[in-house]
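protein-v8.txt (compact mmCIF, C-alpha atoms) appears below.
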```txt
# COMPACT_ATOMS: atom_id res chain seq x y z
CA MET I 1 67.91 -3.98 -86.58
CA ILE I 2 64.53 -5.25 -87.78
CA GLU I 3 62.86 -2.61 -85.60
CA ALA I 4 65.04 0.06 -87.23
CA ILE I 5 63.99 -1.10 -90.72
CA LYS I 6 60.34 -1.02 -89.60
CA GLU I 7 60.71 2.56 -88.30
CA ILE I 8 62.34 3.62 -91.56
CA GLY I 9 59.48 1.98 -93.43
CA GLU I 10 56.86 3.82 -91.38
CA TYR I 11 58.62 7.09 -92.16
CA ALA I 12 58.78 6.19 -95.87
CA LEU I 13 55.06 5.39 -95.98
CA ILE I 14 54.14 8.72 -94.38
CA LYS I 15 56.57 10.53 -96.70
CA ASN I 16 54.86 8.96 -99.72
CA ASN I 17 51.36 9.66 -98.36
CA LYS I 18 50.58 5.97 -97.90
CA ASN I 19 48.37 4.70 -95.12
CA PRO I 20 49.73 1.48 -93.52
CA GLU I 21 46.17 0.75 -92.37
CA ASN I 22 45.22 0.43 -96.05
CA PRO I 23 47.34 -2.44 -97.46
CA ILE I 24 46.44 -1.64 -101.08
CA GLU I 25 48.28 1.69 -100.93
CA VAL I 26 51.46 -0.14 -99.91
CA ILE I 27 51.17 -3.36 -101.91
CA VAL I 28 50.51 -1.74 -105.31
CA GLU I 29 53.65 -1.18 -107.39
CA ASP I 30 54.33 1.18 -110.25
CA PRO I 31 53.95 -0.92 -113.43
CA ALA I 32 56.18 1.49 -115.34
CA SER I 33 59.57 0.16 -114.25
CA SER I 34 61.27 2.44 -116.78
CA PRO I 35 60.38 5.47 -118.95
CA ALA I 36 59.89 3.05 -121.86
CA TYR I 37 56.47 2.06 -120.48
CA LYS I 38 54.47 4.87 -122.04
CA HIS I 39 51.28 3.07 -123.08
CA ILE I 40 48.32 1.35 -121.45
CA LEU I 41 46.48 -1.27 -123.50
CA ALA I 42 43.19 -2.06 -121.75
CA ILE I 43 40.91 -4.93 -122.78
CA ARG I 44 37.36 -3.60 -122.51
CA ILE I 45 34.80 -5.98 -121.04
CA SER I 46 31.21 -4.76 -121.40
CA VAL I 47 28.48 -5.92 -119.02
CA THR I 48 25.23 -6.53 -120.94
CA GLU I 49 21.87 -8.04 -120.09
CA SER I 50 22.87 -11.29 -121.78
CA GLY I 51 26.33 -11.50 -120.19
CA PHE I 52 29.80 -10.13 -120.78
CA GLU I 53 31.02 -9.00 -124.18
CA TYR I 54 34.41 -8.00 -125.54
CA GLY I 55 34.36 -4.29 -126.35
CA GLY I 56 37.70 -3.71 -128.05
CA ILE I 57 41.09 -2.39 -126.92
CA GLN I 58 41.40 1.05 -125.38
CA GLN I 59 44.83 2.64 -125.69
CA GLU I 60 45.81 5.50 -123.41
CA GLU I 61 48.93 7.19 -122.14
CA TYR I 62 50.37 5.80 -118.93
CA SER I 63 49.71 8.00 -115.89
CA LYS I 64 51.58 7.65 -112.59
CA GLU I 65 48.56 9.16 -110.83
CA LYS I 66 46.52 6.09 -111.83
CA LYS I 67 48.91 3.62 -110.21
CA GLU I 68 46.31 2.34 -107.75
CA LYS I 69 43.75 2.02 -110.53
CA TYR I 70 46.10 -0.24 -112.52
CA LEU I 71 46.51 -2.35 -109.34
CA TYR I 72 49.82 -3.85 -110.47
CA ARG I 73 51.92 -6.12 -108.30
CA LYS I 74 54.69 -8.21 -109.80
CA GLY I 75 54.43 -11.95 -109.32
CA SER I 76 56.53 -14.82 -110.61
CA SER I 77 58.58 -14.15 -113.74
CA LYS I 78 57.42 -17.51 -115.10
CA GLY I 79 53.91 -17.31 -113.68
CA ILE I 80 51.14 -14.78 -113.15
CA ASP I 81 51.26 -11.38 -111.51
CA LEU I 82 49.10 -10.74 -108.43
CA SER I 83 46.47 -8.94 -110.51
CA PRO I 84 45.44 -9.04 -114.20
CA THR I 85 47.69 -6.07 -114.96
CA SER I 86 51.09 -6.94 -116.42
CA ARG I 87 54.05 -5.39 -118.15
CA ILE I 88 54.14 -6.41 -121.78
CA THR I 89 57.17 -8.49 -122.71
CA GLU I 90 56.12 -10.61 -125.69
CA LEU I 91 52.52 -9.60 -126.35
CA GLU I 92 51.09 -13.07 -127.00
CA LYS I 93 52.83 -14.56 -123.98
CA THR I 94 51.75 -11.70 -121.74
CA PHE I 95 48.11 -12.03 -122.78
CA ASN I 96 48.03 -15.84 -122.52
CA ASN I 97 50.45 -16.54 -119.65
CA LYS I 98 49.60 -13.52 -117.50
CA THR I 99 46.08 -12.18 -118.18
CA ILE I 100 44.15 -15.33 -119.12
CA ALA I 101 46.24 -17.49 -116.78
CA TRP I 102 45.40 -15.14 -113.89
CA PHE I 103 41.65 -15.65 -114.34
CA LYS I 104 42.13 -19.39 -114.86
CA LYS I 105 43.97 -19.64 -111.54
CA ILE I 106 41.34 -17.57 -109.72
CA VAL I 107 38.33 -19.57 -110.86
CA SER I 108 40.05 -22.85 -109.95
CA ASP I 109 41.62 -21.74 -106.63
CA LYS I 110 39.72 -23.57 -103.89
CA GLU I 111 41.66 -21.80 -101.14
CA LEU I 112 40.41 -18.39 -102.25
CA VAL I 113 37.30 -17.36 -100.30
CA LEU I 114 34.98 -15.10 -102.33
CA GLU I 115 31.31 -14.27 -102.37
CA GLN I 116 29.28 -16.23 -104.91
CA GLU I 117 28.56 -13.06 -106.90
CA GLU I 118 32.27 -12.25 -107.04
CA THR I 119 33.13 -15.74 -108.23
CA GLN I 120 30.50 -15.60 -111.00
CA PHE I 121 31.70 -12.15 -112.03
CA LEU I 122 35.27 -13.42 -112.50
CA LYS I 123 34.16 -16.60 -114.26
CA LYS I 124 32.18 -14.58 -116.80
CA ILE I 125 35.19 -12.37 -117.55
CA TYR I 126 37.38 -15.47 -117.95
CA THR I 127 34.85 -17.03 -120.34
CA CYS I 128 34.67 -13.81 -122.34
CA LEU I 129 38.46 -13.59 -122.65
CA VAL I 130 38.82 -17.20 -123.74
CA SER I 131 35.90 -16.97 -126.23
CA ASN I 132 37.39 -13.87 -127.85
CA LYS I 133 41.02 -14.87 -127.51
CA ASP I 134 41.89 -14.67 -131.22
CA ILE I 135 40.24 -11.33 -131.93
CA ILE I 136 41.73 -9.82 -128.75
CA SER I 137 45.20 -10.96 -129.81
CA LYS I 138 44.71 -9.44 -133.25
CA ASP I 139 43.47 -6.13 -131.83
CA LEU I 140 46.36 -5.99 -129.36
CA ASN I 141 48.89 -6.57 -132.15
CA ASP I 142 47.29 -3.80 -134.21
CA LYS I 143 47.56 -1.37 -131.29
CA ILE I 144 51.14 -2.21 -130.43
CA LYS I 145 52.21 -1.22 -133.96
CA SER I 146 51.62 2.41 -132.95
CA PHE I 147 54.31 2.21 -130.25
CA GLY I 148 57.41 4.23 -130.96
CA LYS I 149 60.85 2.68 -131.18
CA SER I 150 62.05 1.43 -127.77
CA GLU I 151 58.59 2.10 -126.29
CA ASN I 152 56.65 -0.50 -124.34
CA GLY I 153 53.27 -0.88 -122.70
CA ILE I 154 51.19 -2.30 -119.87
CA LEU I 155 48.27 -4.67 -120.37
CA THR I 156 45.20 -4.39 -118.12
CA LEU I 157 41.38 -4.55 -118.16
CA LEU I 158 38.53 -2.07 -118.10
CA VAL I 159 34.98 -3.08 -117.16
CA GLU I 160 32.13 -1.17 -118.79
CA SER I 161 29.05 -1.60 -116.60
CA GLU I 162 27.10 1.28 -118.17
CA LYS I 163 27.32 3.05 -121.51
CA ASP I 164 30.74 4.76 -121.69
CA HIS I 165 31.29 4.25 -117.95
CA LEU I 166 34.63 2.41 -117.71
CA THR I 167 35.96 1.08 -114.42
CA TYR I 168 39.60 0.21 -113.76
CA ILE I 169 40.26 -3.03 -111.88
CA GLY I 170 41.72 -0.98 -109.01
CA ASP I 171 38.24 0.46 -108.42
CA ILE I 172 36.60 -2.99 -108.14
CA ASN I 173 36.64 -4.54 -104.66
CA VAL I 174 37.04 -8.17 -105.71
CA PHE I 175 40.35 -7.46 -107.48
CA LYS I 176 41.67 -5.59 -104.44
CA LYS I 177 40.57 -8.43 -102.15
CA ILE I 178 42.42 -10.99 -104.30
CA LEU I 179 45.57 -8.84 -104.44
CA VAL I 180 45.74 -8.61 -100.63
CA HIS I 181 45.05 -12.35 -100.34
CA TYR I 182 47.92 -13.36 -102.64
CA TYR I 183 50.31 -10.84 -101.10
CA SER I 184 49.51 -12.22 -97.63
CA GLU I 185 49.79 -15.79 -98.88
CA ASP I 186 53.42 -15.18 -99.81
CA LEU I 187 54.04 -14.32 -96.14
CA TYR I 188 52.84 -17.66 -94.79
CA HIS I 189 52.65 -20.24 -97.60
CA SER I 190 55.65 -22.22 -98.82
CA VAL I 191 55.14 -23.37 -102.40
CA THR I 192 58.23 -25.59 -102.16
CA TYR I 193 57.11 -27.49 -99.06
CA LYS I 194 53.35 -27.03 -99.55
CA VAL I 195 52.84 -25.88 -95.99
CA ASP I 196 51.24 -22.85 -94.30
CA SER I 197 52.76 -21.13 -91.29
CA LEU I 198 50.43 -18.66 -89.60
CA SER I 199 48.50 -18.24 -86.39
CA TYR I 200 45.70 -16.10 -85.01
CA ASP I 201 45.41 -13.63 -82.11
CA GLN I 202 49.15 -13.73 -81.37
CA LEU I 203 51.79 -11.12 -80.56
CA CYS I 204 53.78 -9.73 -83.48
CA SER I 205 57.51 -9.97 -82.72
CA VAL I 206 58.20 -6.63 -84.41
CA CYS I 207 55.57 -4.23 -83.01
CA LYS I 208 54.83 -6.35 -79.87
CA ASN I 209 51.08 -5.92 -80.39
CA LYS I 210 48.47 -8.66 -80.63
CA SER I 211 47.27 -9.18 -84.18
CA GLU I 212 44.40 -11.09 -85.75
CA GLU I 213 46.94 -12.93 -87.90
CA VAL I 214 50.71 -13.36 -87.71
CA TYR I 215 52.80 -14.93 -90.47
CA GLY I 216 55.84 -17.16 -90.22
CA LEU I 217 57.53 -16.74 -93.60
CA VAL I 218 58.18 -12.99 -93.68
CA SER I 219 61.66 -12.73 -95.15
CA THR I 220 62.56 -9.07 -95.63
CA TYR I 221 66.04 -10.19 -96.67
CA ALA I 222 66.75 -13.64 -98.08
CA PHE I 223 69.14 -14.60 -95.26
CA TYR I 224 66.12 -15.64 -93.14
CA ASN I 225 64.45 -18.86 -94.23
CA VAL I 226 63.21 -22.16 -92.86
CA ASP I 227 64.57 -24.37 -95.64
CA LYS I 228 66.03 -26.76 -93.08
CA PRO I 229 63.76 -28.31 -90.41
CA GLY I 230 66.46 -27.63 -87.83
CA PHE I 231 65.91 -23.89 -88.36
CA VAL I 232 62.47 -24.21 -86.75
CA SER I 233 62.33 -24.18 -82.97
CA GLY I 234 59.80 -26.20 -81.00
CA GLY I 235 59.51 -29.42 -82.95
CA PHE I 236 61.13 -28.89 -86.37
CA GLU I 237 57.72 -28.40 -88.00
CA ARG I 238 57.74 -25.76 -90.75
CA SER I 239 54.08 -25.02 -90.08
CA GLU I 240 55.16 -23.85 -86.60
CA SER I 241 57.85 -21.49 -87.90
CA TRP I 242 55.61 -18.52 -87.04
CA LYS I 243 56.79 -19.11 -83.44
CA ASN I 244 60.34 -18.21 -84.54
CA TYR I 245 59.43 -14.88 -86.04
CA PRO I 246 55.72 -13.92 -86.02
CA VAL I 247 54.98 -10.80 -88.07
CA CYS I 248 51.65 -9.05 -88.61
CA ILE I 249 50.54 -7.70 -91.99
CA LYS I 250 51.08 -4.08 -90.96
CA CYS I 251 54.70 -4.70 -89.91
CA ALA I 252 55.34 -6.80 -93.04
CA LEU I 253 54.27 -3.82 -95.16
CA SER I 254 56.41 -1.42 -93.13
CA LEU I 255 59.44 -3.72 -93.44
CA GLU I 256 58.99 -3.88 -97.21
CA ALA I 257 58.75 -0.09 -97.42
CA GLY I 258 61.83 0.21 -95.18
CA LYS I 259 63.81 -2.20 -97.35
CA GLN I 260 62.98 -0.17 -100.47
CA TYR I 261 63.90 3.11 -98.75
CA ILE I 262 67.26 1.65 -97.66
CA GLU I 263 67.94 0.58 -101.26
CA ASP I 264 67.10 4.07 -102.49
CA TYR I 265 68.89 6.22 -99.92
CA LEU I 266 71.10 4.22 -97.54
CA LYS I 267 73.11 1.88 -99.80
CA TYR I 268 76.85 2.49 -100.17
CA ASN I 269 79.96 0.81 -101.48
CA SER I 270 83.50 0.83 -100.16
CA TYR I 271 86.39 -0.88 -101.98
CA GLY I 272 84.19 -3.60 -103.41
CA PHE I 273 82.06 -4.10 -100.29
CA ASN I 274 78.38 -3.23 -100.41
CA TYR I 275 76.80 -2.06 -97.18
CA TYR I 276 73.80 -0.30 -95.72
CA ILE I 277 73.84 2.52 -93.19
CA ILE I 278 70.71 1.93 -91.09
CA PRO I 279 69.97 4.65 -88.49
CA LYS I 280 67.84 3.79 -85.50
CA LEU I 281 66.10 6.50 -83.44
CA PHE I 282 66.09 5.87 -79.70
CA HIS I 283 62.60 7.34 -79.46
CA GLN I 284 60.04 5.95 -81.90
CA LYS I 285 58.51 9.40 -82.32
CA GLY I 286 61.91 11.03 -82.45
CA ASN I 287 63.19 13.64 -84.86
CA THR I 288 63.23 12.19 -88.37
CA GLU I 289 65.50 14.94 -89.71
CA ILE I 290 68.28 12.37 -90.16
CA TYR I 291 66.23 10.65 -92.90
CA ARG I 292 65.72 13.92 -94.76
CA SER I 293 69.46 14.58 -94.46
CA PHE I 294 70.19 11.27 -96.19
CA GLU I 295 67.64 12.10 -98.91
CA ASP I 296 69.25 15.50 -99.55
CA TYR I 297 72.69 13.91 -99.44
CA ARG I 298 71.76 11.25 -102.00
CA LYS I 299 70.21 13.90 -104.25
CA SER I 300 73.36 16.05 -104.01
CA ILE I 301 75.47 13.07 -105.13
CA ILE I 302 73.17 12.32 -108.07
CA ASP I 303 73.03 15.98 -109.11
CA GLY I 304 76.77 16.41 -108.65
CA ASN I 305 76.24 19.24 -106.18
CA LEU I 306 77.86 17.74 -103.10
CA SER I 307 78.36 20.62 -100.70
CA ILE I 308 79.07 18.97 -97.33
CA LYS I 309 82.15 20.58 -95.85
CA LYS I 310 84.96 18.15 -95.02
CA GLU I 311 86.11 19.27 -91.61
CA TYR I 312 88.01 16.09 -90.86
CA GLY I 313 89.64 15.29 -94.17
CA ASN I 314 89.30 12.16 -96.20
CA LEU I 315 89.11 8.96 -94.15
CA LEU I 316 87.32 6.85 -96.74
CA SER I 317 88.20 7.64 -100.32
CA GLU I 318 84.79 7.44 -101.99
CA THR I 319 82.68 10.58 -101.92
CA GLU I 320 79.63 8.84 -100.55
CA GLU I 321 81.48 7.81 -97.41
CA ASP I 322 81.26 11.36 -96.16
CA ALA I 323 77.82 10.29 -94.96
CA PHE I 324 79.64 9.10 -91.84
CA GLU I 325 80.78 12.64 -91.19
CA MET I 326 77.18 13.80 -91.53
CA ILE I 327 76.08 11.22 -88.94
CA SER I 328 78.91 12.20 -86.60
CA LYS I 329 77.42 15.69 -86.31
CA GLN I 330 74.13 14.32 -84.94
CA SER I 331 73.29 14.07 -81.25
CA ASN I 332 73.27 10.72 -79.49
CA ALA I 333 69.50 10.48 -79.97
CA LEU I 334 70.17 7.77 -82.56
CA SER I 335 72.55 4.95 -83.26
CA THR I 336 73.72 3.50 -86.55
CA ASN I 337 73.81 -0.08 -87.80
CA LEU I 338 76.27 -0.98 -90.55
CA LEU I 339 75.31 -4.05 -92.55
CA PHE I 340 77.94 -5.35 -94.98
CA TYR I 341 76.48 -7.86 -97.42
CA GLU I 342 77.01 -9.90 -100.53
CA LYS I 343 74.18 -10.50 -102.99
CA THR I 344 74.28 -13.25 -105.61
CA ASN I 345 71.14 -14.12 -107.56
CA ALA I 346 68.45 -14.70 -104.91
CA ALA I 347 70.92 -15.21 -102.05
CA PHE I 348 71.64 -12.44 -99.55
CA ARG I 349 74.66 -13.08 -97.34
CA ILE I 350 75.60 -10.92 -94.36
CA LEU I 351 79.38 -10.46 -94.18
CA LEU I 352 79.41 -8.26 -91.09
CA CYS I 353 76.88 -6.40 -88.97
CA VAL I 354 78.13 -3.60 -86.72
CA GLU I 355 75.31 -2.43 -84.47
CA ASP I 356 74.64 0.59 -82.28
CA VAL I 357 77.41 2.93 -83.41
CA LEU I 358 76.78 6.28 -81.73
CA PRO I 359 77.44 9.62 -83.48
CA SER I 360 79.84 10.51 -80.64
CA LYS I 361 81.91 7.41 -81.45
CA LEU I 362 82.16 8.55 -85.08
CA ARG I 363 83.17 12.02 -83.89
CA ASP I 364 85.97 10.41 -81.86
CA LEU I 365 87.09 8.53 -84.96
CA PHE I 366 87.26 11.67 -87.09
CA GLU I 367 89.00 13.68 -84.34
CA THR I 368 91.58 10.91 -84.03
CA LYS I 369 92.04 11.08 -87.78
CA LYS I 370 92.91 14.78 -87.48
CA THR I 371 95.52 13.97 -84.83
CA ILE I 372 97.10 11.22 -86.91
CA ASP I 373 97.35 13.47 -89.98
CA LYS I 374 99.60 15.80 -87.95
CA LYS I 375 102.15 13.04 -87.37
CA ASN I 376 105.40 13.68 -89.22
CA ILE I 377 105.32 10.31 -90.98
CA PHE I 378 102.19 11.40 -92.79
CA LYS I 379 102.74 15.16 -92.97
CA ASN I 380 106.28 15.00 -94.36
CA CYS I 381 105.94 11.98 -96.62
CA ILE I 382 105.03 13.10 -100.14
CA TRP I 383 103.38 10.62 -102.48
CA ASN I 384 102.32 11.67 -105.99
CA ASP I 385 102.93 15.33 -105.06
CA ARG I 386 100.66 15.02 -102.02
CA PRO I 387 101.26 14.29 -98.34
CA LEU I 388 100.64 10.64 -97.50
CA SER I 389 97.20 10.47 -95.92
CA PHE I 390 95.97 7.98 -93.37
CA THR I 391 92.89 6.45 -95.04
CA PHE I 392 91.17 3.12 -95.12
CA GLU I 393 92.13 3.02 -98.79
CA ASN I 394 95.82 2.82 -97.87
CA ILE I 395 95.12 0.09 -95.33
CA TRP I 396 93.06 -1.72 -97.97
CA TYR I 397 95.92 -1.82 -100.47
CA PHE I 398 98.45 -2.73 -97.76
CA TYR I 399 96.30 -5.65 -96.59
CA PRO I 400 94.50 -6.71 -99.78
CA ARG I 401 91.20 -8.57 -99.65
CA ASN I 402 92.60 -11.91 -100.83
```

Same coordinates, now as structure tokens:
Amino acid sequence: MIEAIKEIGEYALIKNNKNPENPIEVIVEDPASSPAYKHILAIRISVTESGFEYGGIQQEEYSKEKKEKYLYRKGSSKGIDLSPTSRITELEKTFNNKTIAWFKKIVSDKELVLEQEETQFLKKIYTCLVSNKDIISKDLNDKIKSFGKSENGILTLLVESEKDHLTYIGDINVFKKILVHYYSEDLYHSVTYKVDSLSYDQLCSVCKNKSEEVYGLVSTYAFYNVDKPGFVSGGFERSESWKNYPVCIKCALSLEAGKQYIEDYLKYNSYGFNYYIIPKLFHQKGNTEIYRSFEDYRKSIIDGNLSIKKEYGNLLSETEEDAFEMISKQSNALSTNLLFYEKTNAAFRILLCVEDVLPSKLRDLFETKKTIDKKNIFKNCIWNDRPLSFTFENIWYFYPRN
């Protein structure tokens, strides 16, 4: 199933014009998590002959096209983000606990390998922010007063190296280098156990190719972890957990993109159970039309324009479950995985995983449904002015969950 998620992720990256060879394109997130984020507040840092100077606050309208320039990637809710761009919650806390704290961590991080010029560059910005902390806070508070009701903003930096020539942090290599470093670190470093799990020039278990680095803590879904030493094969050493499940950076990015795509297009609910429909193509370069069908299907549900013809009648009561009928009309060039799950806080628990369901098997199911509906017990039994129908809903209420 992991390979199927990776393939979906690769399709999603291509669909969104992202190059998996360029990690930045995949790692960067949209800082505007809702339409409320309409404003960018950028702290201007001017480079002068004598050093770095604070140059005021520049306010501009948020632009989705500048997503890579903002270079946002969410970090810990109680700590810093992976770059000095953050969503504004409480302005003072965001400035102090996100922006300034980010630079403080960078200049004191001994594990971070940077060129001397890069280190000095970041130290000077940090010094400038701390020296002008009070005036920056005041200017930020003045700007935020112009926000409309229920509007919010994003805090970032602009570096002015020449007169009126402003550079976003996403256009400065050192910030991109640090973003990739901290993203990768999450794939191999356990903060809880203070241990690293990675190796070099090893085979990735997902793509089966040799990679310069493979990581041992890639957890696409929270059901995989090495919290207990007994989970680690070959000596119970967490640092060796990469041997359980080695994943290269490229596959880690594809898995993340696949997970997001599944959340957007392949998530369903049936009688209180959440589940994913995860198609897997038998040929890696196979026809990806099935993905586009799911996209159109999801859009038709959202728009209220569902137009798929029900040839087999209602087997599952909820409208979305007709996706199975759509799959049943495909050729056997793919199979389907059904993952039933329960999610509570950070825990992700698999209730049932049904793998490798062929479209022909679903066709058999729907054809059998047609035959059963012709039985007299269903055809002649009227319930609420309708013939009693054989559906999973009826079975559900006959054999309740508890």

Checklist entry - Got a sec to check which residues sit within 8 Å of (44.7, -7.1, -108.5), counting only C-alpha atoms, and write them as a ChimeraX atom specification? => result /I:71-73,82-85,169-170,175-179

Next on the checklist: Which residue is closest to Leu166 (chain I)? Choose from I:Thr192, I:Ser46, I:Ser197, I:Gln116 and count all atoms listed in the file.
Outcome noted: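 When distances to Leu166 (chain I) are compared using all atoms listed in the file, the smallest one comes from I:Ser46.
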
Please return, as a PDB file with C-alpha atoms, in the coordinates of the input, all polymer residues that have at least one atom within 7 Å of the point (45.0, -0.3, -126.8); use all atoms listed in the file and the file's own coordinate frame.
```
ATOM      1  CA  ILE I  40      48.320   1.350-121.450  1.00  0.00           C
ATOM      2  CA  LEU I  41      46.480  -1.270-123.500  1.00  0.00           C
ATOM      3  CA  ALA I  42      43.190  -2.060-121.750  1.00  0.00           C
ATOM      4  CA  ILE I  57      41.090  -2.390-126.920  1.00  0.00           C
ATOM      5  CA  GLN I  58      41.400   1.050-125.380  1.00  0.00           C
ATOM      6  CA  GLN I  59      44.830   2.640-125.690  1.00  0.00           C
ATOM      7  CA  GLU I  60      45.810   5.500-123.410  1.00  0.00           C
ATOM      8  CA  LEU I 140      46.360  -5.990-129.360  1.00  0.00           C
ATOM      9  CA  LYS I 143      47.560  -1.370-131.290  1.00  0.00           C
TER      10      LYS I 143
END
```

Checklist entry - Do you have the CA of Tyr297 (chain I)-CA of Asn345 (chain I) distance handy? => result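 One can read the CA of Tyr297 (chain I) to CA of Asn345 (chain I) distance as 29.2 Å.
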
Item to check | Of the listed residues I:Asn17, I:Ser150, I:Thr156, I:Ser50, that which approaches Thr99 (chain I) most closely, counting all atoms listed in the file | outcome: I:Thr156

Next on the checklist: Report as a VMD selection string all protein, DNA and RNA residues lying within 12 Å of Glu53 (chain I), evaluated on all atoms listed in the file, omitting residues in the same chain fewer than 5 positions from it.
Outcome noted: chain I and resid 43 to 48 124 to 132 136 158 to 161

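You will find CA of Ile88 (chain I) at 26.7 Å from CA of Thr119 (chain I).
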
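One finds CA of Tyr291 (chain I) at 19.9 Å from CA of Phe340 (chain I).
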
Any idea what's packed within 12 Å of Lys343 (chain I), counting all atoms listed in the file, ignoring anything in its chain fewer than 2 positions away? Could you give it as a short mmCIF file (atom, residue, chain, number, x, y, z; two decimals) with C-alpha atoms, in the frame of the given file?
```cif
data_model
loop_
_atom_site.label_atom_id
_atom_site.label_comp_id
_atom_site.auth_asym_id
_atom_site.auth_seq_id
_atom_site.Cartn_x
_atom_site.Cartn_y
_atom_site.Cartn_z
CA TYR I 221 66.04 -10.19 -96.67
CA ALA I 222 66.75 -13.64 -98.08
CA PHE I 223 69.14 -14.60 -95.26
CA PHE I 273 82.06 -4.10 -100.29
CA ASN I 274 78.38 -3.23 -100.41
CA TYR I 275 76.80 -2.06 -97.18
CA PHE I 340 77.94 -5.35 -94.98
CA TYR I 341 76.48 -7.86 -97.42
CA ASN I 345 71.14 -14.12 -107.56
CA ALA I 346 68.45 -14.70 -104.91
CA ALA I 347 70.92 -15.21 -102.05
CA PHE I 348 71.64 -12.44 -99.55
CA ARG I 349 74.66 -13.08 -97.34
CA ILE I 350 75.60 -10.92 -94.36
CA LEU I 351 79.38 -10.46 -94.18
#
```

Checklist entry - Which is closer to Ile27 (chain I) than all the others in I:Lys6, I:His181, I:His189, I:Arg386, using only C-alpha atoms? => result I:His181

Next on the checklist: Calculated over all atoms listed in the file, which of the candidates I:Glu263, I:Asn173, I:Ile100, I:Asp139 has the smallest distance to Glu117 (chain I)?
Outcome noted: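 Among the listed residues, I:Asn173 lies closest to Glu117 (chain I).
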
Item to check | Within 12 Å of Thr89 (chain I) using only C-alpha atoms, minus same-chain residues under 2 positions, as a ChimeraX atom specification | outcome: /I:36-37,77-78,86-87,91-98,144,151-155

Next on the checklist: When you count all atoms listed in the file, which of these residues is closest to Ile277 (chain I): I:Gln120, I:Asn337, I:Gln202, I:Ser190?
Outcome noted: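 Checking each of I:Gln120, I:Asn337, I:Gln202, I:Ser190 against Ile277 (chain I), counting all atoms listed in the file, the winner is I:Asn337.
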